[in-house]
Each structure stands twice: as structure tokens, then as C-alpha cells.
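*Asks:* What follows is query_27.txt, compact mmCIF, C-alpha atoms and all ligand atoms.
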# COMPACT_ATOMS: atom_id res chain seq x y z
CA MET A 1 92.17 -37.70 -85.17
CA LYS A 2 92.84 -40.30 -82.48
CA ILE A 3 94.99 -39.45 -79.48
CA GLY A 4 96.01 -42.14 -77.01
CA VAL A 5 96.78 -41.34 -73.40
CA ILE A 6 98.86 -43.77 -71.39
CA GLY A 7 97.63 -43.73 -67.80
CA GLY A 8 94.04 -43.42 -66.61
CA GLY A 9 94.34 -40.92 -63.75
CA GLN A 10 92.64 -37.58 -63.27
CA LEU A 11 94.82 -35.87 -65.88
CA ALA A 12 93.55 -38.23 -68.58
CA ARG A 13 90.04 -37.75 -67.20
CA MET A 14 90.24 -33.96 -67.52
CA MET A 15 91.42 -34.26 -71.14
CA ILE A 16 88.09 -35.91 -72.02
CA PRO A 17 85.85 -32.78 -72.17
CA ALA A 18 88.49 -30.94 -74.21
CA SER A 19 88.76 -33.84 -76.66
CA ILE A 20 84.99 -33.98 -77.08
CA ASN A 21 84.84 -30.28 -77.96
CA LEU A 22 87.68 -30.53 -80.45
CA GLY A 23 86.23 -33.68 -82.04
CA ILE A 24 89.32 -35.66 -81.14
CA GLU A 25 88.84 -39.31 -80.29
CA LEU A 26 90.59 -39.94 -76.98
CA GLN A 27 91.62 -43.47 -76.04
CA VAL A 28 93.13 -44.30 -72.68
CA LEU A 29 95.35 -47.14 -71.52
CA ALA A 30 94.36 -47.37 -67.86
CA GLU A 31 95.67 -49.41 -64.96
CA ALA A 32 92.24 -50.63 -63.81
CA GLU A 33 88.59 -50.87 -64.87
CA ASN A 34 87.43 -48.17 -62.50
CA SER A 35 90.15 -45.64 -63.33
CA SER A 36 89.46 -41.90 -63.15
CA ALA A 37 89.43 -41.81 -66.97
CA HIS A 38 87.08 -44.75 -67.55
CA LEU A 39 84.59 -42.36 -69.19
CA ALA A 40 86.80 -42.35 -72.32
CA ALA A 41 87.32 -45.37 -74.59
CA THR A 42 89.52 -47.25 -72.21
CA SER A 43 91.74 -50.31 -72.55
CA VAL A 44 92.99 -51.82 -69.32
CA GLY A 45 96.57 -53.02 -69.21
CA ASP A 46 100.07 -52.61 -67.86
CA TYR A 47 101.99 -49.62 -69.29
CA ARG A 48 105.25 -51.45 -68.44
CA ASP A 49 104.42 -54.29 -70.82
CA MET A 50 105.78 -53.79 -74.36
CA GLY A 51 103.11 -55.89 -76.10
CA THR A 52 100.24 -54.17 -74.30
CA VAL A 53 101.44 -50.66 -75.16
CA LEU A 54 102.27 -51.49 -78.80
CA ALA A 55 98.82 -53.07 -79.29
CA PHE A 56 97.16 -50.03 -77.67
CA ALA A 57 99.05 -47.65 -79.97
CA GLU A 58 98.30 -49.58 -83.18
CA ASN A 59 95.59 -47.33 -84.67
CA LEU A 60 96.38 -44.07 -82.89
CA ASP A 61 97.80 -40.92 -84.47
CA VAL A 62 99.49 -39.48 -81.38
CA ILE A 63 100.53 -41.01 -78.05
CA THR A 64 100.72 -38.85 -74.95
CA PHE A 65 100.74 -39.38 -71.20
CA ASP A 66 98.94 -39.00 -67.89
CA HIS A 67 102.19 -39.83 -66.04
CA GLU A 68 105.90 -40.04 -66.77
CA HIS A 69 106.58 -43.67 -65.88
CA VAL A 70 106.42 -45.49 -69.21
CA PRO A 71 109.79 -47.28 -69.58
CA GLN A 72 112.22 -45.76 -72.07
CA GLU A 73 112.53 -48.95 -74.17
CA ILE A 74 108.77 -48.91 -74.78
CA LEU A 75 108.80 -45.22 -75.75
CA GLU A 76 111.70 -45.88 -78.12
CA ALA A 77 109.93 -48.89 -79.66
CA LEU A 78 106.85 -46.76 -80.32
CA THR A 79 108.98 -44.08 -81.96
CA ALA A 80 110.85 -46.68 -84.05
CA ARG A 81 107.47 -47.88 -85.38
CA GLY A 82 106.75 -44.36 -86.63
CA LYS A 83 104.36 -43.39 -83.85
CA SER A 84 104.17 -39.73 -82.84
CA VAL A 85 105.17 -39.85 -79.15
CA GLN A 86 104.60 -36.46 -77.47
CA PRO A 87 106.52 -35.39 -75.49
CA PRO A 88 109.40 -37.37 -77.00
CA ALA A 89 111.17 -40.13 -75.08
CA SER A 90 114.34 -38.07 -74.62
CA ALA A 91 112.40 -35.29 -72.85
CA LEU A 92 110.39 -37.68 -70.68
CA ALA A 93 113.63 -39.27 -69.48
CA LEU A 94 114.33 -36.13 -67.44
CA ALA A 95 111.07 -36.43 -65.55
CA GLN A 96 111.81 -40.07 -64.75
CA ASP A 97 115.08 -39.45 -62.95
CA LYS A 98 115.74 -36.40 -60.74
CA LEU A 99 119.52 -36.79 -61.10
CA TRP A 100 119.32 -36.83 -64.90
CA MET A 101 117.00 -33.83 -64.68
CA ARG A 102 119.52 -31.90 -62.58
CA GLU A 103 122.38 -32.81 -64.94
CA SER A 104 120.39 -31.79 -68.03
CA LEU A 105 119.16 -28.54 -66.49
CA SER A 106 122.72 -27.65 -65.45
CA LYS A 107 123.82 -28.05 -69.09
CA ILE A 108 120.97 -25.81 -70.28
CA GLY A 109 122.07 -23.20 -67.73
CA ALA A 110 118.84 -23.16 -65.70
CA PRO A 111 119.24 -21.69 -62.18
CA LEU A 112 119.27 -24.55 -59.66
CA PRO A 113 119.70 -25.10 -55.94
CA LYS A 114 123.23 -26.38 -55.13
CA TRP A 115 123.09 -30.13 -55.72
CA ALA A 116 125.25 -33.25 -55.86
CA ARG A 117 125.01 -36.93 -56.63
CA VAL A 118 125.96 -38.77 -53.42
CA SER A 119 126.61 -42.50 -53.22
CA ASP A 120 127.94 -43.03 -49.72
CA VAL A 121 127.99 -41.64 -46.19
CA ALA A 122 131.22 -39.68 -46.66
CA GLU A 123 129.96 -37.92 -49.80
CA LEU A 124 126.65 -37.02 -48.20
CA ASP A 125 128.27 -35.79 -44.98
CA SER A 126 130.69 -33.55 -46.86
CA PHE A 127 127.82 -32.13 -48.95
CA ILE A 128 125.80 -31.42 -45.78
CA GLN A 129 128.82 -29.61 -44.31
CA ALA A 130 129.31 -27.60 -47.50
CA VAL A 131 125.70 -26.32 -47.52
CA GLY A 132 125.62 -25.33 -43.86
CA GLY A 133 124.65 -28.38 -41.81
CA LYS A 134 121.28 -29.29 -43.31
CA ALA A 135 120.35 -30.69 -46.71
CA ILE A 136 117.50 -32.21 -48.65
CA VAL A 137 117.95 -35.76 -49.90
CA LYS A 138 115.81 -37.19 -52.70
CA THR A 139 115.43 -40.63 -54.22
CA PRO A 140 116.03 -40.03 -57.94
CA ILE A 141 113.25 -42.29 -59.23
CA GLY A 142 109.59 -42.77 -58.33
CA GLY A 143 109.00 -39.96 -55.77
CA TYR A 144 105.80 -37.88 -55.78
CA ASP A 145 103.85 -35.67 -53.35
CA GLY A 146 106.90 -35.41 -51.08
CA LYS A 147 107.42 -39.18 -50.85
CA GLY A 148 111.11 -39.71 -51.49
CA VAL A 149 112.14 -36.31 -50.06
CA ARG A 150 113.80 -35.96 -46.64
CA VAL A 151 115.54 -33.19 -44.68
CA VAL A 152 118.77 -34.49 -43.16
CA GLY A 153 121.31 -33.10 -40.69
CA SER A 154 123.73 -35.97 -41.11
CA ALA A 155 124.23 -38.89 -43.50
CA SER A 156 122.94 -41.31 -40.88
CA ASP A 157 119.45 -39.80 -41.40
CA ALA A 158 119.48 -41.26 -44.92
CA SER A 159 121.52 -44.45 -44.40
CA ASP A 160 118.54 -46.67 -45.35
CA TRP A 161 118.15 -44.89 -48.71
CA LEU A 162 121.92 -44.81 -49.29
CA SER A 163 122.27 -48.54 -48.83
CA SER A 164 119.45 -49.32 -51.26
CA SER A 165 120.42 -46.75 -53.91
CA GLY A 166 123.48 -48.68 -55.14
CA SER A 167 125.83 -47.01 -57.61
CA THR A 168 123.12 -44.62 -58.89
CA GLY A 169 123.23 -42.74 -55.61
CA LEU A 170 120.87 -40.11 -54.28
CA LEU A 171 120.23 -36.48 -55.12
CA ALA A 172 121.40 -34.13 -52.35
CA GLU A 173 120.38 -30.46 -52.44
CA GLU A 174 120.86 -27.37 -50.34
CA LEU A 175 117.82 -26.54 -48.21
CA VAL A 176 116.57 -23.47 -50.07
CA PRO A 177 115.22 -20.74 -47.72
CA PHE A 178 112.47 -19.89 -50.18
CA ASP A 179 109.88 -17.15 -49.73
CA ARG A 180 107.37 -19.18 -51.67
CA GLU A 181 106.94 -21.93 -54.23
CA VAL A 182 105.80 -21.02 -57.72
CA SER A 183 105.01 -22.76 -60.97
CA GLN A 184 105.37 -21.58 -64.55
CA LEU A 185 103.14 -23.46 -66.95
CA LEU A 186 103.56 -23.40 -70.71
CA ALA A 187 102.53 -25.38 -73.73
CA ARG A 188 104.78 -26.02 -76.72
CA SER A 189 103.30 -27.39 -79.91
CA THR A 190 105.07 -29.85 -82.20
CA THR A 191 105.27 -26.82 -84.54
CA GLY A 192 107.42 -24.95 -81.98
CA GLU A 193 104.70 -22.44 -81.01
CA ILE A 194 104.73 -21.60 -77.27
CA LYS A 195 102.10 -20.08 -74.97
CA PHE A 196 102.59 -19.19 -71.29
CA TRP A 197 99.99 -18.99 -68.57
CA PRO A 198 100.78 -16.48 -65.80
CA LEU A 199 103.18 -17.55 -63.06
CA VAL A 200 101.25 -18.97 -60.08
CA GLU A 201 101.96 -19.43 -56.39
CA THR A 202 101.63 -22.95 -55.00
CA VAL A 203 101.18 -23.73 -51.32
CA GLN A 204 102.30 -27.14 -50.03
CA ARG A 205 101.71 -28.85 -46.71
CA GLU A 206 103.62 -31.98 -45.82
CA GLY A 207 104.93 -32.17 -49.39
CA ILE A 208 101.47 -32.03 -51.02
CA CYS A 209 100.11 -29.05 -52.91
CA THR A 210 97.01 -27.69 -51.19
CA LEU A 211 96.38 -24.33 -52.91
CA VAL A 212 97.25 -22.56 -56.15
CA ARG A 213 96.87 -18.78 -56.55
CA ALA A 214 96.74 -17.00 -59.91
CA SER A 215 96.25 -13.28 -60.33
CA GLN A 216 96.26 -10.75 -63.14
CA GLN A 217 98.01 -8.25 -60.93
CA GLY A 218 100.16 -7.84 -57.89
CA LEU A 219 101.13 -11.44 -57.14
CA PHE A 220 104.57 -11.15 -58.77
CA SER A 221 106.83 -8.31 -59.87
CA GLU A 222 107.21 -7.94 -63.62
CA GLY A 223 110.85 -8.97 -63.24
CA VAL A 224 110.00 -12.29 -61.58
CA GLN A 225 107.21 -13.05 -64.08
CA ASN A 226 109.54 -12.34 -67.01
CA ARG A 227 112.35 -14.38 -65.52
CA ALA A 228 109.95 -17.32 -65.01
CA THR A 229 108.84 -17.38 -68.64
CA GLU A 230 112.43 -16.99 -69.81
CA ILE A 231 113.59 -19.97 -67.71
CA ALA A 232 110.63 -22.12 -68.77
CA GLN A 233 111.12 -21.32 -72.45
CA GLU A 234 114.84 -22.15 -72.31
CA ILE A 235 114.04 -25.48 -70.70
CA ALA A 236 111.19 -26.39 -73.08
CA GLU A 237 113.29 -25.60 -76.14
CA GLY A 238 116.46 -27.06 -74.63
CA ILE A 239 114.90 -30.47 -74.04
CA GLY A 240 112.63 -30.54 -77.11
CA LEU A 241 109.47 -30.62 -75.00
CA THR A 242 106.03 -30.86 -76.58
CA GLY A 243 102.70 -30.54 -74.76
CA VAL A 244 102.28 -28.90 -71.39
CA LEU A 245 105.29 -28.31 -69.15
CA ALA A 246 105.14 -27.19 -65.53
CA VAL A 247 108.36 -25.73 -64.14
CA GLU A 248 108.13 -25.76 -60.35
CA MET A 249 110.45 -23.19 -58.79
CA PHE A 250 111.45 -21.63 -55.49
CA GLN A 251 111.26 -17.84 -55.21
CA VAL A 252 113.98 -16.32 -53.03
CA GLY A 253 113.66 -12.52 -53.13
CA GLU A 254 113.62 -11.66 -56.83
CA GLU A 255 115.46 -14.88 -57.75
CA LEU A 256 114.02 -18.14 -59.01
CA LEU A 257 115.55 -21.61 -58.64
CA VAL A 258 114.14 -24.62 -60.52
CA ASN A 259 112.94 -27.49 -58.36
CA GLU A 260 111.06 -29.88 -60.61
CA LEU A 261 109.63 -30.39 -64.09
CA ALA A 262 106.36 -32.06 -64.98
CA MET A 263 105.89 -32.91 -68.66
CA ARG A 264 102.14 -33.11 -68.80
CA PRO A 265 99.21 -31.11 -67.50
CA HIS A 266 99.96 -30.44 -63.83
CA ASN A 267 98.15 -29.79 -60.57
CA SER A 268 99.41 -26.20 -60.61
CA GLY A 269 97.45 -25.68 -63.85
CA HIS A 270 94.06 -27.11 -62.89
CA TRP A 271 92.81 -23.55 -62.29
CA THR A 272 93.05 -22.94 -66.07
CA ILE A 273 89.88 -25.03 -66.67
CA ASP A 274 87.77 -22.34 -65.02
CA GLY A 275 90.09 -19.33 -65.07
CA SER A 276 91.75 -19.19 -68.47
CA VAL A 277 90.56 -18.87 -72.07
CA THR A 278 92.23 -22.21 -72.88
CA SER A 279 92.60 -24.90 -70.24
CA GLN A 280 95.87 -26.79 -69.89
CA PHE A 281 94.06 -29.97 -70.98
CA GLU A 282 92.79 -28.50 -74.24
CA GLN A 283 96.16 -26.85 -74.83
CA HIS A 284 97.99 -30.13 -74.25
CA LEU A 285 95.85 -31.88 -76.88
CA ARG A 286 96.37 -29.01 -79.34
CA ALA A 287 100.11 -29.00 -78.69
CA VAL A 288 100.72 -32.74 -79.09
CA ALA A 289 98.52 -32.79 -82.21
CA GLY A 290 100.43 -29.90 -83.81
CA LEU A 291 97.38 -27.63 -83.86
CA PRO A 292 97.58 -23.86 -83.22
CA LEU A 293 97.55 -23.04 -79.50
CA GLY A 294 94.74 -21.11 -77.82
CA SER A 295 94.94 -17.93 -75.76
CA ALA A 296 96.33 -18.55 -72.26
CA GLU A 297 94.91 -15.28 -70.87
CA MET A 298 93.07 -15.33 -67.55
CA THR A 299 89.32 -14.76 -67.71
CA SER A 300 89.06 -13.33 -64.16
CA SER A 301 91.37 -11.20 -62.04
CA ALA A 302 91.98 -13.66 -59.22
CA VAL A 303 91.66 -17.43 -59.33
CA VAL A 304 92.28 -19.89 -56.51
CA MET A 305 92.29 -23.67 -56.74
CA ALA A 306 92.01 -25.75 -53.59
CA ASN A 307 92.90 -29.44 -53.74
CA ILE A 308 90.64 -31.91 -52.03
CA ILE A 309 93.00 -34.23 -50.21
CA GLY A 310 91.28 -37.06 -48.37
CA GLY A 311 87.61 -36.34 -49.12
CA LYS A 312 84.30 -37.76 -47.91
CA SER A 313 83.76 -41.30 -49.13
CA GLU A 314 80.07 -40.67 -49.94
CA VAL A 315 81.14 -38.28 -52.70
CA PHE A 316 84.57 -39.56 -53.67
CA TYR A 317 84.36 -43.14 -54.88
CA SER A 318 85.31 -45.13 -57.97
CA GLY A 319 82.62 -47.82 -58.05
CA ASN A 320 78.90 -47.79 -57.35
CA THR A 321 77.32 -45.17 -55.16
CA GLY A 322 76.26 -45.89 -51.61
CA ASP A 323 73.41 -43.89 -50.17
CA VAL A 324 72.39 -41.35 -52.82
CA GLU A 325 70.60 -39.10 -50.33
CA THR A 326 73.74 -38.72 -48.21
CA GLU A 327 75.82 -38.05 -51.31
CA LYS A 328 73.35 -35.38 -52.44
CA GLN A 329 73.32 -33.80 -49.02
CA ILE A 330 77.13 -33.48 -48.85
CA LEU A 331 77.59 -32.36 -52.45
CA GLY A 332 74.61 -30.00 -52.20
CA GLY A 333 75.90 -28.52 -48.95
CA ALA A 334 79.25 -27.81 -50.58
CA LEU A 335 77.75 -26.33 -53.77
CA ALA A 336 75.45 -24.09 -51.73
CA LYS A 337 78.43 -22.49 -49.99
CA ALA A 338 79.57 -20.67 -53.14
CA PRO A 339 77.49 -20.58 -56.32
CA ASP A 340 80.56 -19.50 -58.28
CA ALA A 341 82.68 -22.46 -57.14
CA LYS A 342 83.59 -25.09 -59.71
CA ILE A 343 83.92 -28.57 -58.27
CA HIS A 344 85.97 -31.26 -60.02
CA ILE A 345 85.66 -34.82 -58.77
CA TYR A 346 88.14 -37.39 -60.04
CA GLY A 347 86.17 -40.61 -59.52
CA LYS A 348 88.71 -41.95 -57.03
CA ASP A 349 88.08 -43.49 -53.62
CA ALA A 350 88.52 -41.14 -50.66
CA ARG A 351 91.75 -41.89 -48.83
CA LYS A 352 93.98 -40.01 -46.42
CA ALA A 353 96.68 -37.92 -48.16
CA ARG A 354 95.25 -38.69 -51.63
CA LYS A 355 94.14 -36.00 -54.10
CA VAL A 356 90.59 -36.88 -55.09
CA GLY A 357 89.31 -33.61 -56.56
CA HIS A 358 89.67 -29.85 -56.57
CA VAL A 359 87.62 -26.66 -56.32
CA THR A 360 88.26 -23.48 -58.28
CA VAL A 361 86.82 -20.04 -57.61
CA ALA A 362 87.43 -17.03 -59.87
CA THR A 363 86.52 -13.56 -58.58
CA GLU A 364 87.98 -10.07 -58.56
CA SER A 365 89.83 -10.60 -55.28
CA LEU A 366 92.41 -13.25 -54.33
CA PRO A 367 91.44 -13.49 -50.62
CA GLU A 368 87.78 -13.82 -51.60
CA SER A 369 88.46 -16.53 -54.19
CA GLU A 370 90.57 -18.37 -51.62
CA ARG A 371 87.99 -18.09 -48.85
CA ARG A 372 85.25 -19.56 -51.04
CA ALA A 373 87.38 -22.30 -52.61
CA VAL A 374 88.59 -23.43 -49.18
CA ALA A 375 85.08 -23.40 -47.70
CA VAL A 376 83.76 -25.64 -50.47
CA ALA A 377 86.76 -27.99 -50.36
CA VAL A 378 86.49 -28.35 -46.57
CA ALA A 379 82.76 -29.13 -46.89
CA LEU A 380 83.76 -32.00 -49.20
CA GLY A 381 86.20 -33.35 -46.64
CA ALA A 382 89.50 -31.76 -47.68
CA GLU A 383 92.29 -32.33 -45.15
CA ASN A 384 95.17 -29.88 -44.73
CA LEU A 385 93.16 -26.74 -45.45
CA SER A 386 91.86 -25.61 -42.07
P1 LIG B 1 108.02 -34.55 -55.22
O1 LIG B 1 108.59 -35.12 -56.48
O2 LIG B 1 107.69 -35.59 -54.21
O3 LIG B 1 106.92 -33.54 -55.45
P2 LIG B 1 109.85 -32.33 -54.71
O4 LIG B 1 111.25 -32.44 -55.16
O5 LIG B 1 108.95 -31.42 -55.48
O6 LIG B 1 109.24 -33.78 -54.55
O7 LIG B 1 109.83 -31.86 -53.18
C1 LIG B 1 108.63 -31.80 -52.41
C2 LIG B 1 108.63 -30.55 -51.55
O8 LIG B 1 109.78 -30.54 -50.69
C3 LIG B 1 108.75 -29.26 -52.35
O9 LIG B 1 107.49 -28.83 -52.82
C4 LIG B 1 109.35 -28.31 -51.31
O10 LIG B 1 108.34 -27.84 -50.44
C5 LIG B 1 110.29 -29.21 -50.56
N1 LIG B 1 111.64 -29.15 -51.15
C6 LIG B 1 112.13 -29.92 -52.16
N2 LIG B 1 113.39 -29.59 -52.47
C7 LIG B 1 113.74 -28.58 -51.64
C8 LIG B 1 114.94 -27.79 -51.46
N3 LIG B 1 116.06 -28.00 -52.17
N4 LIG B 1 114.91 -26.82 -50.51
C9 LIG B 1 113.81 -26.59 -49.74
N5 LIG B 1 112.67 -27.30 -49.87
C10 LIG B 1 112.61 -28.28 -50.80
Can you turn what I pasted into C-alpha cells?
*Replies:*
Amino acid sequence: MKIGVIGGGQLARMMIPASINLGIELQVLAEAENSSAHLAATSVGDYRDMGTVLAFAENLDVITFDHEHVPQEILEALTARGKSVQPPASALALAQDKLWMRESLSKIGAPLPKWARVSDVAELDSFIQAVGGKAIVKTPIGGYDGKGVRVVGSASDASDWLSSSGSTGLLAEELVPFDREVSQLLARSTTGEIKFWPLVETVQREGICTLVRASQQGLFSEGVQNRATEIAQEIAEGIGLTGVLAVEMFQVGEELLVNELAMRPHNSGHWTIDGSVTSQFEQHLRAVAGLPLGSAEMTSSAVVMANIIGGKSEVFYSGNTGDVETEKQILGGALAKAPDAKIHIYGKDARKARKVGHVTVATESLPESERRAVAVAVALGAENLS
């Protein structure tokens, strides 16, 4: 079987080992020669160009994605040619536009923060008043890692975005006083089968996820865990999702409110490579191919994943190495800190505020897993962790 992945980032890269084990041929349409996923059979081209994507898809059995930005008309053209596009274009549309996502989730009945579409100063000011004097404003398209998200106390704080948003407008939301941010990951096969990983806690700094905590016990009440799977299942079935879905939510007391959806393997599920019977990358391939799903049980009691944001350039690079001795020294120093740490390097150049790798540690204790994962990530140059 041949599966094509559009986008050559770290998500495509981490699908490669899973595809090798399953005997699936993985082909990637990447943005550049030195993409994270260049280790797979890679074509280089623009995913926004109809001809390029159709030519890429020619001999493939299933098309799936490393990101959600492929234009709708291209997804529809692939489908019209009989290609199996997973997740389908109609589901991906929600991840491309935060306003459309909010509208669709409202129809499904998912619990949401108070929100409104605002197109001018008067609308935004009256929304801010209605939610108590402070709101969150988001650009509906193209935001990631907190870019395109702003806290505002008056419409003038977002006048630049308002004037460039035209008739589409902006998404305004109440500022949720959450206790913590959580993510429910599931996979849904083209056959309709669903598997859930346990609910995890995500920690963000300056809009970027730094840590993910997963535990077999004690992290969440049974009520919150059950509510999370219920919400995620309703969404996955409601939008006809296939593959991996991450439902990012805010926990307020025992309540959950949906923030965002990601329709692909997600940062909050990287821990599953080293801490679950089936990783999210293997499960995604199984799900989009219509194969039976694997067990999503944890293999250790307490797993922590620390993102490496920034990174040391001697270890995190996309082209040729520099001084091998220095690279060995840094990598070796980090590995020596915790023999049970699993390091994942994405083959990207080190850059401030950029995710270039992650470290996972699975032990019997959450604080211990966290301490070791953070120590290794910091030794590799992670910002935002100390
Ligand atoms: P992105 O698409 O850039 O990841 P998000 O919508 O997930 O943007 O927002 C980034 C971060 O901003 C969230 O992880 C959360 O910490 C904060 N945030 C977003 N929406 C709200 C909200 N309504 N209330 C409080 N905090 C929010």
C-alpha cells in the first residue's frame, strides 16, 4: 500500500518508522529538499499548486496530511478523481478556519467558550463589554503557536487586525479562567472504529506548548476523563473525521471547554511513541488506511514529554553537520543525564521559538519523569523550560 503525506514537517517524519514496520510505502510532498521528512521518498513542490498535488497523488492509494493548509479546491479535485483523501476535505475545512470551526462545533453541541464573529470596532467593543472587559481575539486563518491570538481590553487593541480582516471578521472569545489546558487524542478509522488515548495535560508558555503530562492515575477525575472522550467522540463522528484528532480543551473545575481541533497527529500526542502500545503516528496510518486500530493503552504509569524549543545549532540542523566532536559532546551530555530518556530530533535548524525536537521520559512517577525530561531538553538547548 502507498500512502502519500502532504507536507514534509516533523509529523510526516515521525510517520516514517511506523510505515516501515507496517510495510507501507510512505511518500511525502515536501516544501523543500532538506525537509524534516526527507528520509522518506520525497517529492518537492508547492502544496498550493493543483498540478503539483495531482501529479504527486497519481499512484498513491491514500492521501493524508502533515498540516491542514492544502486549499479546499485541491482536496475536492483529488476526491473527484477517486482518491481516498483522509481526513476528508469537509472535515479539514474546520481546521483551516477558526470561525468555521466554532460555527460547526456549536451545531454539534460541543461546549465552547463564549464567542462571536466581529467585523468592526463597535461589535468588538460590545463583545468585550459583554464578557467582562477583557477578551481574546483570534485571526481565523493561518495562526499557530499563539501567533494570531491577542488579549484585548478594547477594540483599539485589535484595530490593525480588524482593518485587514475585511468582511470575514475576527473570532472574539471570552478569556477563559482555566485551571489548566488539556488535550484528548483519538483515532478514527475509515471503518468507524475509534480508540482514545488518555486525556493529557498540556503546559504552554507564550502560546507554545512546552510540556505534556500523561498518567495512568490521579491526573484527572473519572468524570473529567469520561467527559473528554465523550466530547471528542461527538466531534469526530459529527464532522466525519478520519485519522488522528486532537481536541484541545480548557479545564475549569470539572468542566471542559473546547479550544481547538487538530486533524492529524499532534504535539500533545508525541508522548505516545514511547509511552503507549500504539503511537499516534502508527495509529494515524492504520486509521487512514482502514486497518484495525492498535491498543492505545499506556505502557508506563507516568509519561512526560518536553518540547525542545530553540535548540543548540550543533545538534539541530537540516543540512550537513558542522563539527562532529562538538555535536557528539552536546548530544552525549544530554543522553548521559537520563538513560531512560528518548530524544527525538526533527532535522530542523535551531531557531528561537521554533520546535526542533522533543524528549520523552516514562517512569512510575510524574514529577520524576518531568524532572528527567526537562533536564535532557535543557541540555539540548530548550528555551522556556527553566
Ligand atoms: P494557536 O492556533 O496559535 O495554537 P490557540 O487558539 O490554541 O492558538 O491559542 C493559543 C493559546 O492562547 C492557548 O493555548 C491558550 O493558552 C490561550 N487561549 C486561547 N484562547 C483562549 C481563551 N478563550 N481563553 C483563555 N486563553 C486562551
*Asks:* Taking into account all atoms listed in the file, which residue in the set A:Asn320, A:Ser35, A:Ser313, A:Asn259 is nearest to ligand LIG 1 (chain B)?
*Replies:*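 With all atoms listed in the file as the atom set, the closest residue is A:Asn259.
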*Asks:* State, in Å with one decimal place, the distance from atom CA of A:Gly294 to atom CA of A:Lys195.
*Replies:* 8.0 Å
*Asks:* Would you please work out which residue, of A:Asp97, A:Glu123, A:Glu237, A:Glu181, is nearest to ligand LIG 1 (chain B) when using all atoms listed in the file?
*Replies:* A:Glu181
*Asks:* Could you pull the residues within 8 Å of A:Ala375, counting only C-alpha atoms, minus those fewer than 3 positions along the same chain, as a list in words?
*Replies:*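 Contacts, with the query itself left out: Ala334, Lys337, Arg371, Arg372, Val378 and Ala379 of chain A.
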*Asks:* Give me the residues near A:Thr229 as a list in words, where near means some atom within 8 Å (using only C-alpha atoms) and where sequence neighbours in that chain fewer than 3 positions away do not count.
*Replies:*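 The neighbour list is Gln184, Phe196, Leu199, Gln225, Asn226, Ala232 and Gln233 of chain A.
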*Asks:* Output the neighbourhood of ligand LIG 1 (chain B) as a PyMOL selection string, that is, all protein and nucleic acid residues with some atom at most 8 Å from the ligand, counting only C-alpha atoms and all ligand atoms.
*Replies:* chain A and resi 113-114+135-136+138+142-150+173-178+181+204-209+248+250+259-260
*Asks:* Counting all atoms listed in the file, figure out which residue out of A:Leu22, A:Val28, A:Ala296, A:Val359 gets nearest to A:Val44.
*Replies:*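 Smallest distance to A:Val44 is found for A:Val28.
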*Asks:* Where atoms are absent from stretch 44-50 of chain A, fill them in so it carries all heavy atoms, then output it as an mmCIF file, keeping the file's coordinate frame.
*Replies:*
data_model
loop_
_atom_site.group_PDB
_atom_site.id
_atom_site.type_symbol
_atom_site.label_atom_id
_atom_site.label_comp_id
_atom_site.auth_asym_id
_atom_site.auth_seq_id
_atom_site.Cartn_x
_atom_site.Cartn_y
_atom_site.Cartn_z
ATOM 1 N N VAL A 44 92.347 -51.620 -70.620
ATOM 2 C CA VAL A 44 92.990 -51.820 -69.320
ATOM 3 C C VAL A 44 94.217 -52.683 -69.546
ATOM 4 O O VAL A 44 94.155 -53.708 -70.212
ATOM 5 C CB VAL A 44 92.015 -52.481 -68.330
ATOM 6 C CG1 VAL A 44 92.734 -52.818 -67.026
ATOM 7 C CG2 VAL A 44 90.838 -51.550 -68.060
ATOM 8 N N GLY A 45 95.355 -52.238 -69.036
ATOM 9 C CA GLY A 45 96.570 -53.020 -69.210
ATOM 10 C C GLY A 45 97.746 -52.358 -68.525
ATOM 11 O O GLY A 45 97.637 -51.237 -68.021
ATOM 12 N N ASP A 46 98.871 -53.054 -68.564
ATOM 13 C CA ASP A 46 100.070 -52.610 -67.860
ATOM 14 C C ASP A 46 100.953 -51.777 -68.797
ATOM 15 O O ASP A 46 101.435 -52.292 -69.809
ATOM 16 C CB ASP A 46 100.831 -53.862 -67.371
ATOM 17 C CG ASP A 46 102.015 -53.506 -66.496
ATOM 18 O OD1 ASP A 46 102.363 -52.305 -66.398
ATOM 19 O OD2 ASP A 46 102.597 -54.440 -65.915
ATOM 20 N N TYR A 47 101.184 -50.507 -68.434
ATOM 21 C CA TYR A 47 101.990 -49.620 -69.290
ATOM 22 C C TYR A 47 103.462 -50.023 -69.315
ATOM 23 O O TYR A 47 104.243 -49.490 -70.084
ATOM 24 C CB TYR A 47 101.827 -48.164 -68.839
ATOM 25 C CG TYR A 47 102.330 -47.907 -67.438
ATOM 26 C CD1 TYR A 47 103.679 -47.688 -67.192
ATOM 27 C CD2 TYR A 47 101.465 -47.924 -66.344
ATOM 28 C CE1 TYR A 47 104.153 -47.483 -65.905
ATOM 29 C CE2 TYR A 47 101.928 -47.721 -65.060
ATOM 30 C CZ TYR A 47 103.268 -47.503 -64.847
ATOM 31 O OH TYR A 47 103.735 -47.309 -63.580
ATOM 32 N N ARG A 48 103.850 -50.984 -68.447
ATOM 33 C CA ARG A 48 105.250 -51.450 -68.440
ATOM 34 C C ARG A 48 105.443 -52.647 -69.352
ATOM 35 O O ARG A 48 106.541 -53.160 -69.500
ATOM 36 C CB ARG A 48 105.683 -51.812 -67.019
ATOM 37 C CG ARG A 48 105.731 -50.600 -66.093
ATOM 38 C CD ARG A 48 105.733 -51.003 -64.643
ATOM 39 N NE ARG A 48 104.527 -51.776 -64.339
ATOM 40 C CZ ARG A 48 104.141 -52.152 -63.132
ATOM 41 N NH1 ARG A 48 104.866 -51.816 -62.085
ATOM 42 N NH2 ARG A 48 103.030 -52.846 -62.950
ATOM 43 N N ASP A 49 104.336 -53.105 -69.971
ATOM 44 C CA ASP A 49 104.420 -54.290 -70.820
ATOM 45 C C ASP A 49 104.456 -53.867 -72.297
ATOM 46 O O ASP A 49 103.527 -53.242 -72.800
ATOM 47 C CB ASP A 49 103.192 -55.189 -70.566
ATOM 48 C CG ASP A 49 103.234 -56.428 -71.423
ATOM 49 O OD1 ASP A 49 104.122 -57.271 -71.199
ATOM 50 O OD2 ASP A 49 102.405 -56.531 -72.348
ATOM 51 N N MET A 50 105.547 -54.217 -72.965
ATOM 52 C CA MET A 50 105.780 -53.790 -74.360
ATOM 53 C C MET A 50 104.602 -54.158 -75.264
ATOM 54 O O MET A 50 104.074 -53.306 -75.997
ATOM 55 C CB MET A 50 107.073 -54.455 -74.850
ATOM 56 C CG MET A 50 107.469 -54.127 -76.258
ATOM 57 S SD MET A 50 108.160 -52.463 -76.446
ATOM 58 C CE MET A 50 109.842 -52.719 -75.897
#
